[in-house]
Each structure stands twice: as C-alpha cells, then as structure tokens.
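Novice: The following file, query-v6.tsv, comprises TSV, C-alpha atoms:
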```tsv
chain	number	residue	atom	x	y	z
A	1	MET	CA	44.81	9.31	-21.92
A	2	GLU	CA	42.30	11.89	-20.72
A	3	ALA	CA	39.47	9.39	-21.17
A	4	GLU	CA	41.32	6.78	-19.10
A	5	GLU	CA	42.08	9.30	-16.37
A	6	GLU	CA	38.46	10.42	-16.28
A	7	ALA	CA	37.33	6.78	-16.06
A	8	ARG	CA	39.67	6.19	-13.12
A	9	GLU	CA	38.42	9.35	-11.44
A	10	GLY	CA	34.81	8.23	-11.97
A	11	ALA	CA	35.54	4.83	-10.46
A	12	ALA	CA	37.17	6.46	-7.43
A	13	VAL	CA	34.19	8.76	-6.94
A	14	ALA	CA	31.82	5.78	-7.18
A	15	ARG	CA	33.80	3.95	-4.48
A	16	ASP	CA	33.72	7.01	-2.24
A	17	LEU	CA	29.97	7.47	-2.67
A	18	MET	CA	29.30	3.81	-1.87
A	19	ALA	CA	31.51	4.00	1.21
A	20	LEU	CA	29.64	7.08	2.42
A	21	GLY	CA	26.21	5.53	1.82
A	22	TYR	CA	25.20	7.50	-1.29
A	23	GLU	CA	24.72	4.55	-3.64
A	24	SER	CA	21.54	5.98	-5.11
A	25	PHE	CA	23.49	8.90	-6.64
A	26	LEU	CA	26.03	6.88	-8.59
A	27	GLY	CA	24.36	7.67	-11.90
A	28	ALA	CA	24.30	11.42	-11.22
A	29	ALA	CA	28.02	11.70	-10.48
A	30	SER	CA	29.05	12.18	-14.12
A	31	ARG	CA	26.12	14.27	-15.39
A	32	GLY	CA	27.40	17.70	-14.37
A	33	ILE	CA	25.78	20.76	-12.87
A	34	LEU	CA	23.01	20.83	-15.46
A	35	CYS	CA	21.54	17.69	-13.87
A	36	PRO	CA	19.28	18.34	-10.84
A	37	ASP	CA	20.37	15.04	-9.26
A	38	PHE	CA	23.99	16.16	-9.37
A	39	ARG	CA	23.10	19.39	-7.55
A	40	VAL	CA	21.07	17.41	-5.00
A	41	LEU	CA	24.08	15.17	-4.36
A	42	CYS	CA	26.38	18.16	-3.80
A	43	ALA	CA	23.77	19.78	-1.54
A	44	ARG	CA	23.49	16.66	0.59
A	45	LEU	CA	27.25	16.31	0.94
A	46	ALA	CA	27.51	19.96	1.96
A	47	ALA	CA	24.63	19.62	4.42
A	48	GLU	CA	26.29	16.65	6.13
A	49	LEU	CA	29.57	18.54	6.30
A	50	ALA	CA	27.81	21.42	8.03
A	51	ALA	CA	26.06	19.05	10.41
A	52	LEU	CA	29.39	17.46	11.36
A	53	GLY	CA	30.87	20.87	12.19
A	54	ALA	CA	33.15	21.24	9.16
A	55	LEU	CA	31.37	24.43	8.11
A	56	GLU	CA	30.09	27.51	9.83
A	57	PRO	CA	26.47	27.07	10.99
A	58	GLN	CA	23.78	28.89	9.05
A	59	GLN	CA	22.23	31.94	10.63
A	60	GLU	CA	18.72	30.85	9.71
A	61	GLU	CA	17.55	27.42	10.81
A	62	GLY	CA	16.86	25.17	7.85
A	63	ALA	CA	18.78	27.34	5.38
A	64	GLN	CA	20.50	25.40	2.62
A	65	LEU	CA	24.20	25.68	1.88
A	66	LEU	CA	23.65	24.71	-1.75
A	67	SER	CA	20.44	25.26	-3.65
A	68	ALA	CA	19.28	21.96	-5.17
A	69	GLY	CA	16.21	23.25	-6.99
A	70	ASP	CA	15.49	22.77	-10.68
A	71	GLY	CA	13.60	25.97	-11.44
A	72	PRO	CA	14.73	29.01	-13.44
A	73	GLY	CA	17.97	30.42	-12.10
A	74	ALA	CA	18.68	27.32	-10.00
A	75	GLU	CA	21.99	26.67	-11.75
A	76	ASP	CA	23.27	30.22	-11.18
A	77	ALA	CA	22.29	30.14	-7.51
A	78	PHE	CA	24.01	26.78	-7.12
A	79	LEU	CA	27.24	28.07	-8.68
A	80	ARG	CA	27.31	31.17	-6.47
A	81	GLN	CA	26.83	29.13	-3.32
A	82	LEU	CA	29.32	26.50	-4.47
A	83	ASP	CA	32.04	29.10	-4.98
A	84	GLY	CA	31.64	30.30	-1.38
A	85	LEU	CA	31.57	26.73	-0.10
A	86	LEU	CA	34.83	25.79	-1.82
A	87	HIS	CA	36.58	28.85	-0.45
A	88	GLU	CA	35.33	28.08	3.06
A	89	LEU	CA	36.62	24.51	2.80
A	90	HIS	CA	39.97	25.78	1.42
A	91	CYS	CA	39.74	23.64	-1.69
A	92	PRO	CA	43.27	23.06	-3.08
A	93	ASP	CA	42.02	22.73	-6.67
A	94	ARG	CA	42.90	26.13	-8.17
A	95	THR	CA	40.91	25.36	-11.28
A	96	LEU	CA	37.67	25.33	-9.27
A	97	THR	CA	38.47	28.28	-7.00
A	98	GLY	CA	40.73	30.44	-9.15
A	99	GLY	CA	38.16	32.23	-11.28
A	100	ASP	CA	34.89	31.53	-13.03
A	101	CYS	CA	33.42	28.48	-11.27
A	102	ALA	CA	30.82	27.89	-13.99
A	103	ALA	CA	33.43	27.75	-16.73
A	104	ALA	CA	35.69	25.54	-14.64
A	105	LEU	CA	32.94	22.97	-13.99
A	106	ARG	CA	32.24	22.67	-17.72
A	107	GLU	CA	35.74	21.30	-18.28
A	108	PRO	CA	36.04	17.49	-18.68
A	109	GLY	CA	36.44	15.76	-15.32
A	110	ALA	CA	35.89	18.93	-13.27
A	111	CYS	CA	32.63	17.73	-11.73
A	112	LEU	CA	34.26	14.43	-10.75
A	113	ARG	CA	37.10	16.33	-9.06
A	114	LEU	CA	34.52	18.40	-7.20
A	115	LEU	CA	32.77	15.29	-5.91
A	116	ARG	CA	36.09	13.68	-5.02
A	117	PHE	CA	36.98	16.71	-2.90
A	118	LEU	CA	33.60	16.83	-1.15
A	119	CYS	CA	33.71	13.08	-0.44
A	120	SER	CA	37.21	13.28	1.01
A	121	GLU	CA	36.18	16.19	3.25
A	122	LEU	CA	33.14	14.25	4.44
A	123	GLN	CA	35.19	11.14	5.18
A	124	ALA	CA	37.62	13.24	7.24
A	125	ALA	CA	34.74	14.88	9.12
A	126	ARG	CA	33.24	11.51	9.98
A	127	LEU	CA	36.59	10.21	11.24
A	128	LEU	CA	37.01	13.29	13.43
A	129	LEU	CA	33.53	12.76	14.82
A	130	LEU	CA	34.40	9.17	15.75
A	131	LYS	CA	37.62	10.30	17.38
A	132	HIS	CA	36.00	13.16	19.31
A	133	PRO	CA	32.30	12.34	19.75
A	134	PRO	CA	30.07	15.21	20.91
A	135	ASN	CA	28.65	15.19	24.41
A	136	SER	CA	25.13	16.04	23.35
A	137	SER	CA	22.62	13.61	21.93
A	138	LEU	CA	22.23	13.03	18.20
A	139	ALA	CA	18.61	14.00	17.92
A	140	GLN	CA	17.46	15.79	21.06
A	141	PRO	CA	18.92	17.47	24.13
A	142	PRO	CA	19.21	15.08	27.10
A	143	GLY	CA	16.60	16.93	29.14
A	144	ASP	CA	14.03	16.79	26.33
A	145	ARG	CA	14.24	13.09	25.55
A	146	THR	CA	11.03	11.25	26.29
A	147	LYS	CA	9.68	7.84	25.51
A	148	GLY	CA	7.56	9.24	22.70
A	149	GLY	CA	10.54	11.12	21.29
A	150	ASP	CA	12.67	7.98	21.28
A	151	GLY	CA	9.90	6.14	19.46
A	152	MET	CA	9.66	8.84	16.80
A	153	VAL	CA	13.43	8.81	16.30
A	154	GLN	CA	13.37	5.03	15.91
A	155	GLU	CA	10.53	5.25	13.39
A	156	LEU	CA	12.46	7.89	11.46
A	157	ILE	CA	15.59	5.74	11.38
A	158	LEU	CA	13.58	2.78	10.07
A	159	THR	CA	12.07	5.03	7.40
A	160	LEU	CA	15.51	6.15	6.28
A	161	GLN	CA	16.69	2.55	6.08
A	162	ALA	CA	13.61	1.52	4.10
A	163	VAL	CA	14.16	4.13	1.38
A	164	GLY	CA	17.94	3.64	1.27
A	165	LEU	CA	19.08	6.89	2.88
A	166	PRO	CA	22.01	7.01	5.32
A	167	ARG	CA	21.52	7.84	8.96
A	168	PRO	CA	21.57	11.63	9.46
A	169	PRO	CA	24.52	13.13	11.31
A	170	PRO	CA	24.06	14.95	14.62
A	171	GLY	CA	22.30	18.27	14.44
A	172	THR	CA	20.51	17.69	11.14
A	173	PRO	CA	17.47	20.04	10.96
A	174	ALA	CA	14.13	18.29	10.75
A	175	SER	CA	13.07	20.42	7.78
A	176	GLN	CA	16.10	19.34	5.77
A	177	LEU	CA	15.60	15.68	6.67
A	178	LEU	CA	11.94	15.73	5.67
A	179	GLN	CA	12.83	17.45	2.41
A	180	GLU	CA	15.37	14.73	1.60
A	181	LEU	CA	12.80	12.08	2.45
A	182	HIS	CA	10.25	13.74	0.16
A	183	LEU	CA	12.73	13.88	-2.72
A	184	LYS	CA	13.77	10.26	-2.27
A	185	ILE	CA	10.21	8.94	-1.98
A	186	SER	CA	9.14	10.95	-5.03
A	187	GLU	CA	12.03	9.43	-6.95
A	188	LEU	CA	11.07	5.91	-5.90
A	189	LEU	CA	7.41	6.43	-6.75
A	190	ARG	CA	8.28	7.46	-10.29
A	191	SER	CA	10.11	4.17	-10.81
A	192	LEU	CA	7.07	2.06	-9.84
A	193	PRO	CA	4.36	0.93	-12.28
A	194	SER	CA	1.26	3.08	-12.34
A	195	GLY	CA	-1.41	1.96	-9.90
A	196	SER	CA	0.93	-0.36	-7.98
A	197	ILE	CA	0.51	1.48	-4.67
A	198	GLN	CA	-3.00	2.74	-4.04
A	199	PRO	CA	-3.83	3.98	-0.53
A	200	LEU	CA	-6.77	2.39	1.19
A	201	LEU	CA	-7.79	5.77	2.62
A	202	SER	CA	-8.10	8.17	-0.31
A	203	HIS	CA	-10.29	10.93	1.19
A	204	SER	CA	-9.05	14.18	2.63
A	205	LEU	CA	-9.16	14.23	6.43
A	206	ASP	CA	-11.05	16.81	8.44
A	207	ALA	CA	-11.65	16.92	12.20
A	208	PRO	CA	-14.49	14.33	12.32
A	209	ARG	CA	-12.58	11.95	10.07
A	210	TRP	CA	-9.48	12.27	12.21
A	211	GLU	CA	-11.58	11.31	15.23
A	212	ALA	CA	-13.01	8.32	13.36
A	213	LEU	CA	-9.50	7.36	12.31
A	214	GLU	CA	-8.28	7.50	15.89
A	215	LEU	CA	-11.23	5.34	16.98
A	216	LEU	CA	-10.44	2.81	14.27
A	217	SER	CA	-6.81	2.76	15.35
A	218	GLN	CA	-7.82	2.13	18.97
A	219	THR	CA	-10.15	-0.69	17.89
A	220	LEU	CA	-7.36	-2.34	15.92
A	221	ARG	CA	-5.00	-1.91	18.85
A	222	ASP	CA	-7.45	-3.65	21.18
A	223	GLN	CA	-7.99	-6.49	18.71
A	224	TYR	CA	-4.29	-7.10	18.21
A	225	SER	CA	-3.70	-6.96	21.97
A	226	CYS	CA	-6.36	-9.64	22.45
A	227	ARG	CA	-4.73	-11.81	19.79
A	228	ARG	CA	-1.30	-11.37	21.33
A	229	CYS	CA	-2.70	-12.33	24.73
A	230	LEU	CA	-4.18	-15.51	23.23
A	231	LEU	CA	-0.94	-16.45	21.48
A	232	LEU	CA	1.14	-15.80	24.59
A	233	THR	CA	-1.21	-17.93	26.69
A	234	ARG	CA	-0.87	-20.76	24.21
A	235	MET	CA	2.88	-20.40	24.28
A	236	ASP	CA	2.95	-20.50	28.09
A	237	LEU	CA	0.87	-23.67	28.13
A	238	THR	CA	3.06	-25.27	25.49
A	239	THR	CA	6.30	-24.47	27.31
A	240	SER	CA	4.88	-25.64	30.64
A	241	ALA	CA	4.00	-28.99	29.05
A	242	PHE	CA	7.70	-29.66	28.47
A	243	HIS	CA	8.24	-29.76	32.23
A	244	TRP	CA	5.83	-32.67	32.75
A	245	GLY	CA	8.13	-35.40	31.49
A	246	ASP	CA	10.35	-37.35	33.85
A	247	ARG	CA	13.49	-36.67	31.84
A	248	THR	CA	12.95	-32.90	31.82
A	249	LYS	CA	12.41	-32.51	35.57
A	250	ALA	CA	16.15	-32.60	36.15
A	251	GLN	CA	16.70	-29.79	33.63
A	252	GLY	CA	13.77	-27.61	34.62
A	253	GLU	CA	15.91	-24.77	35.97
A	254	ALA	CA	18.07	-24.72	32.83
A	255	MET	CA	14.99	-24.53	30.64
A	256	LYS	CA	13.59	-21.66	32.69
A	257	ALA	CA	16.88	-19.78	32.45
A	258	VAL	CA	16.60	-19.90	28.67
A	259	LEU	CA	12.87	-19.27	28.30
A	260	LEU	CA	12.25	-16.57	30.91
A	261	PRO	CA	14.42	-13.83	29.32
A	262	LEU	CA	12.68	-14.44	25.98
A	263	ARG	CA	9.25	-14.49	27.55
A	264	GLU	CA	9.68	-11.29	29.55
A	265	VAL	CA	10.26	-9.29	26.39
A	266	LEU	CA	6.93	-10.38	24.89
A	267	THR	CA	3.98	-8.30	26.05
A	268	THR	CA	0.34	-8.03	25.10
A	269	ASP	CA	0.66	-4.37	24.15
A	270	SER	CA	0.17	-3.66	20.46
A	271	ASP	CA	2.10	-0.94	18.62
A	272	VAL	CA	-0.61	-0.28	16.02
A	273	SER	CA	-1.03	3.48	15.59
A	274	VAL	CA	-2.71	5.97	13.29
A	275	ALA	CA	0.38	5.86	11.08
A	276	HIS	CA	-0.23	2.18	10.33
A	277	VAL	CA	-3.84	2.92	9.36
A	278	LEU	CA	-2.74	5.74	7.06
A	279	ALA	CA	-0.09	3.51	5.48
A	280	ALA	CA	-2.60	0.75	4.64
A	281	ARG	CA	-2.82	0.00	0.93
A	282	ALA	CA	-5.71	-1.10	-1.23
A	283	ASP	CA	-4.27	-4.60	-1.65
A	284	LEU	CA	-4.41	-5.19	2.10
A	285	SER	CA	-7.60	-7.24	1.75
A	286	ARG	CA	-5.91	-9.68	-0.64
A	287	LEU	CA	-5.78	-13.00	1.22
A	288	VAL	CA	-2.67	-15.12	0.86
A	289	PRO	CA	-3.01	-18.84	1.74
A	290	ALA	CA	-0.86	-19.92	4.64
A	291	THR	CA	0.58	-22.74	2.52
A	292	SER	CA	1.63	-20.53	-0.40
A	293	VAL	CA	5.26	-20.14	-1.37
A	294	ALA	CA	5.33	-16.47	-0.35
A	295	ALA	CA	3.88	-17.20	3.09
A	296	ARG	CA	6.12	-20.21	3.70
A	297	GLN	CA	9.22	-18.11	3.15
A	298	GLY	CA	8.60	-16.44	6.49
A	299	THR	CA	7.26	-19.45	8.42
A	300	SER	CA	9.37	-22.39	7.23
A	301	CYS	CA	12.12	-23.59	9.55
A	302	ALA	CA	14.33	-26.60	10.06
A	303	ILE	CA	11.89	-28.30	12.44
A	304	ASN	CA	9.41	-28.80	9.58
A	305	LYS	CA	11.75	-31.43	8.11
A	306	VAL	CA	12.01	-33.48	11.32
A	307	LEU	CA	10.13	-36.78	11.07
A	308	MET	CA	8.49	-38.18	14.18
A	309	GLY	CA	9.25	-41.73	15.22
A	310	SER	CA	6.80	-44.45	16.18
A	311	VAL	CA	4.26	-43.41	18.79
A	312	PRO	CA	1.71	-45.57	20.68
A	313	ASP	CA	-1.65	-45.98	19.01
A	314	ARG	CA	-4.27	-43.99	20.90
A	315	GLY	CA	-7.18	-45.08	18.75
A	316	GLY	CA	-10.04	-42.68	18.30
A	317	ARG	CA	-10.88	-43.58	14.68
A	318	PRO	CA	-14.67	-43.81	14.37
A	319	ASN	CA	-14.58	-45.53	10.98
A	320	GLU	CA	-12.90	-48.58	12.53
A	321	LEU	CA	-15.51	-49.06	15.27
A	322	GLU	CA	-18.56	-51.34	14.79
A	323	ALA	CA	-21.91	-50.25	16.10
A	324	PRO	CA	-23.19	-52.59	18.91
A	325	MET	CA	-26.11	-54.86	17.95
A	326	PRO	CA	-29.20	-54.58	20.18
A	327	SER	CA	-30.10	-57.68	22.30
A	328	TRP	CA	-33.70	-58.97	22.07
A	329	GLN	CA	-35.51	-60.65	24.95
A	330	SER	CA	-38.66	-62.77	24.80
A	331	ARG	CA	-41.80	-61.52	26.44
A	332	ARG	CA	-42.54	-62.92	29.89
A	333	GLU	CA	-45.96	-63.70	31.42
A	334	GLY	CA	-47.04	-62.01	34.65
A	335	ARG	CA	-48.51	-63.64	37.73
A	336	ASP	CA	-52.08	-62.82	36.81
A	337	GLY	CA	-51.80	-64.35	33.37
A	338	ARG	CA	-51.41	-61.02	31.63
A	339	ARG	CA	-48.36	-60.08	29.67
A	340	SER	CA	-45.88	-58.14	31.63
A	341	GLY	CA	-45.74	-54.52	30.80
A	342	HIS	CA	-49.56	-54.17	30.40
A	343	GLN	CA	-51.86	-52.85	33.07
A	344	GLY	CA	-55.64	-53.29	33.27
A	345	TRP	CA	-57.55	-50.19	33.94
A	346	GLY	CA	-61.26	-49.85	34.76
A	347	ARG	CA	-63.81	-52.56	35.65
A	348	LYS	CA	-64.31	-55.77	33.84
A	349	LYS	CA	-67.50	-56.14	31.86
A	350	LYS	CA	-70.03	-58.63	33.23
A	351	LYS	CA	-70.91	-61.61	31.08
A	352	LYS	CA	-74.54	-61.72	29.99
```
Starting from the coordinates I provided, produce the structure as structure tokens.
Specialist:
Amino acid sequence: MEAEEEAREGAAVARDLMALGYESFLGAASRGILCPDFRVLCARLAAELAALGALEPQQEEGAQLLSAGDGPGAEDAFLRQLDGLLHELHCPDRTLTGGDCAAALREPGACLRLLRFLCSELQAARLLLLKHPPNSSLAQPPGDRTKGGDGMVQELILTLQAVGLPRPPPGTPASQLLQELHLKISELLRSLPSGSIQPLLSHSLDAPRWEALELLSQTLRDQYSCRRCLLLTRMDLTTSAFHWGDRTKAQGEAMKAVLLPLREVLTTDSDVSVAHVLAARADLSRLVPATSVAARQGTSCAINKVLMGSVPDRGGRPNELEAPMPSWQSRREGRDGRRSGHQGWGRKKKKK
C-alpha cells in the first residue's frame, strides 16, 4: 500500500512540475536531498516564490533562499535553509516542520510531499499574480526602458525558450537568472556527443581582437543589408507585375490593402550583431544544397505542386533554328572592260 501511495504521489508531483514548466526536473523529483538536481529544483521553486512575493525579500541582492551547490557541506546548508523556508510558508506537514528536517526527509515519500507542497504554493502565487498584476514592469522600471533594453529582454526570453526554461517571474535578479542559464546549458552540453559543437572563434579576446570582431560584425551587417535590399527590390517588381493584367486592374486596391501591411514590416536593416559572430560554429562553412531534403523542409510549400497549364510558344530555342545559306552572285564586267571591283593604278607600260 505504501508503494502504491508513493507512486500516486510521484505521478501527482510530475503533473504539477509539467504544469509549472519544470519538465526537465522530472527525473530528480524522486532522488532525494542527496541529489544535487533535487536541491536545484527546490531552490528554483523557492526563488520563483520569492519573486512572486510569497516570501520576504532577501536583504542582499542575489542571495539564494536555498543553497543548490554540490560541494562539502552543501546538504547541511540546504537543510538549514529549507527548515526556515517551510516555517515561513507555514507548511501544514508536521512531519517536515516538527523536528529534525534531515531525518524527516529521509522517510519514504517525504521528498515527494515537500515538492508537492512547494508546487501547490507556486501555483497559488501565480494565480494571485494573474488576479492582481503588479503595476511595475516585469524586467525594468518604466522610466528606464529603452529600445536596446527591450531588445536584450527579447533575446533573453528567446534564450530561455531555446534551452527549455520557463519565463522568469517579475523581479527575478539577473545574477540568479544567469546562474540558472549556466546550469541548464552545462547540463545540455554534457548530453551532447564530444566535438559536436565547436566554436568557430576559439581564441581568447583582448582589446584589439574585440575591435576586429566589431569590424567583422559591421561588415556582415552591411552585406546582409545589401542582400535584403536586393531581395526586397525583386519582391516589389514581382508584386507590381501582378497589376499589369487586365483582370487585376479592377482588384488593384484590394491587392494593395493586403500587400502593403506585409511590405511595411520588411526593412533593409540587418540584425546581425557581435553575439551572432560569437555564436558561429565550426560547421558553419558546411554547404547544404538547396535541393536537399533538409533545405526543402523550410522552403517547400503548396505552390510547388501546382502545374501550369498550356502557354503560348515564345520560341527562342537556338537548336531548332537553321543557319541562313549565303547567296552567291556572278562577277560583272565594268564599262572599261575590267572586272568590277578592281582599280588600275599607275601608268600603262608602252609596247616596244
């Protein structure tokens, strides 16, 4: 019976973690406090609770509620901080808060009950945040938001999505977020085959190399802007050709109403930056044919299967043309008895 109850509790914890966006920690849920991944999971849940306002803010910026390290004494520090956290959250489980926390967590199913409590508290905090959203911005104060800041926030959100991390709650310190990113990326790199991701730039960067890198980035930006300008010009000419037909003249305004909003979004500015140059890998120079299966997955569309009907023959096939034969004319005699086309120069010799 205890095994069945523990299995049900584990399934419930797995559902809660998936609902909260912590799918990558499903394997660590049942390993206990001796597992560093389990301590990292608890630390992340506690950090999000603090960011949502469910806990008292830390006096020092970037201070951790739960220590998630794996060095000597990390387990003892984690247990001390966890005991204070459970008392602050008024945990109703007397087994976890009644006495020795370390001994209580070694009991079967105790770690699952701990995660179940933290997940339920986090779900409640998120619901309260949706019901009473804060007035301030998620990432920056309203007066400090700039175009560059918005771009960095967007890049950070895309990075979190790429590595499978949930979006951070309001007020998350940058140091904590970068630490979580470092841990997640290190975990993903260990799961890859050796030598699969080799950076194209492998040298350490000093001041002259940073300047050369910035120059290279600017050159790439200019090149991509030129290519975008060429492609947009071709697109404008192609769309304007649709207005030449007699049948499309009546629907010219409707076509413009559809095309103009799409065209205004496209600009010649390129977003290539130093970050893209640093992220380049050694396999970047590997050329993939445009007709390969991998390339066609991103370029194939339904219009490729449309067959054109009969069109008028415009000719233009040189192999079907015969070269013209030259016309020959007989030579004609001139008035003075000489053949035409010849001129006599000099004096005639006297007959002896």
Novice: Given the point (3.0, -4.1, 21.7) in the file's coordinates, find the residues that have an atom at most 9 Å from it, counting all atoms listed in the file, and give them as JSON, numbers by chain.
Specialist: {"A": [221, 224, 225, 228, 266, 267, 268, 269, 270, 271, 272]}
Novice: For C-alpha atoms, I'd like the residues from the last selection saved as a PDB file, keeping the file's coordinate frame.
Specialist:
```
ATOM      1  CA  ARG A 221      -5.000  -1.910  18.850  1.00  0.00           C
ATOM      2  CA  TYR A 224      -4.290  -7.100  18.210  1.00  0.00           C
ATOM      3  CA  SER A 225      -3.700  -6.960  21.970  1.00  0.00           C
ATOM      4  CA  ARG A 228      -1.300 -11.370  21.330  1.00  0.00           C
ATOM      5  CA  LEU A 266       6.930 -10.380  24.890  1.00  0.00           C
ATOM      6  CA  THR A 267       3.980  -8.300  26.050  1.00  0.00           C
ATOM      7  CA  THR A 268       0.340  -8.030  25.100  1.00  0.00           C
ATOM      8  CA  ASP A 269       0.660  -4.370  24.150  1.00  0.00           C
ATOM      9  CA  SER A 270       0.170  -3.660  20.460  1.00  0.00           C
ATOM     10  CA  ASP A 271       2.100  -0.940  18.620  1.00  0.00           C
ATOM     11  CA  VAL A 272      -0.610  -0.280  16.020  1.00  0.00           C
TER      12      VAL A 272
END
```
Novice: Go through segment 228-339 of chain A residue by residue and, counting only C-alpha atoms, keep those with an atom at most 10 Å from segment 193-206 of chain A; for each kept residue give the shortest atom pair and its distance in Å to one decimal, ordered by chain and increasing number, as JSON lines.
Specialist:
```
{"residue": "A:Val277", "atom": "CA", "partner": "A:Leu201", "partner_atom": "CA", "distance": 8.3}
{"residue": "A:Leu278", "atom": "CA", "partner": "A:Leu201", "partner_atom": "CA", "distance": 6.7}
{"residue": "A:Ala279", "atom": "CA", "partner": "A:Pro199", "partner_atom": "CA", "distance": 7.1}
{"residue": "A:Ala280", "atom": "CA", "partner": "A:Leu200", "partner_atom": "CA", "distance": 5.7}
{"residue": "A:Arg281", "atom": "CA", "partner": "A:Pro199", "partner_atom": "CA", "distance": 4.4}
{"residue": "A:Ala282", "atom": "CA", "partner": "A:Leu200", "partner_atom": "CA", "distance": 4.4}
{"residue": "A:Asp283", "atom": "CA", "partner": "A:Gln198", "partner_atom": "CA", "distance": 7.8}
{"residue": "A:Leu284", "atom": "CA", "partner": "A:Leu200", "partner_atom": "CA", "distance": 8.0}
{"residue": "A:Ser285", "atom": "CA", "partner": "A:Leu200", "partner_atom": "CA", "distance": 9.7}
```
Novice: Separation of atom CA of Ala125 of chain A and atom CA of Leu20 of chain A, in Å?
Specialist: 11.5 Å
Novice: In Å, rounded to a single decimal, give me how far atom CA of Ala162 of chain A is from atom CA of Leu287 of chain A.
Specialist: 24.4 Å
Novice: Here is a test: counting all atoms listed in the file, which residue of A:Leu105, A:Ile303, A:Ala29, A:Asp76 is nearest to Ala11 of chain A?
Specialist: A:Ala29
Novice: Can you tell me how far atom CA of Leu34 of chain A sits from atom CA of Phe78 of chain A, in Å to one decimal?
Specialist: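 Distance reported for this atom pair: 10.3 Å.
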Novice: Counting only C-alpha atoms, what is within 10 Å of Ala124 of chain A, bar same-chain residues fewer than 6 positions away, as a list in words?
Specialist: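 The residues that qualify are Leu49, Ala54, Leu118 and Leu130 of chain A.
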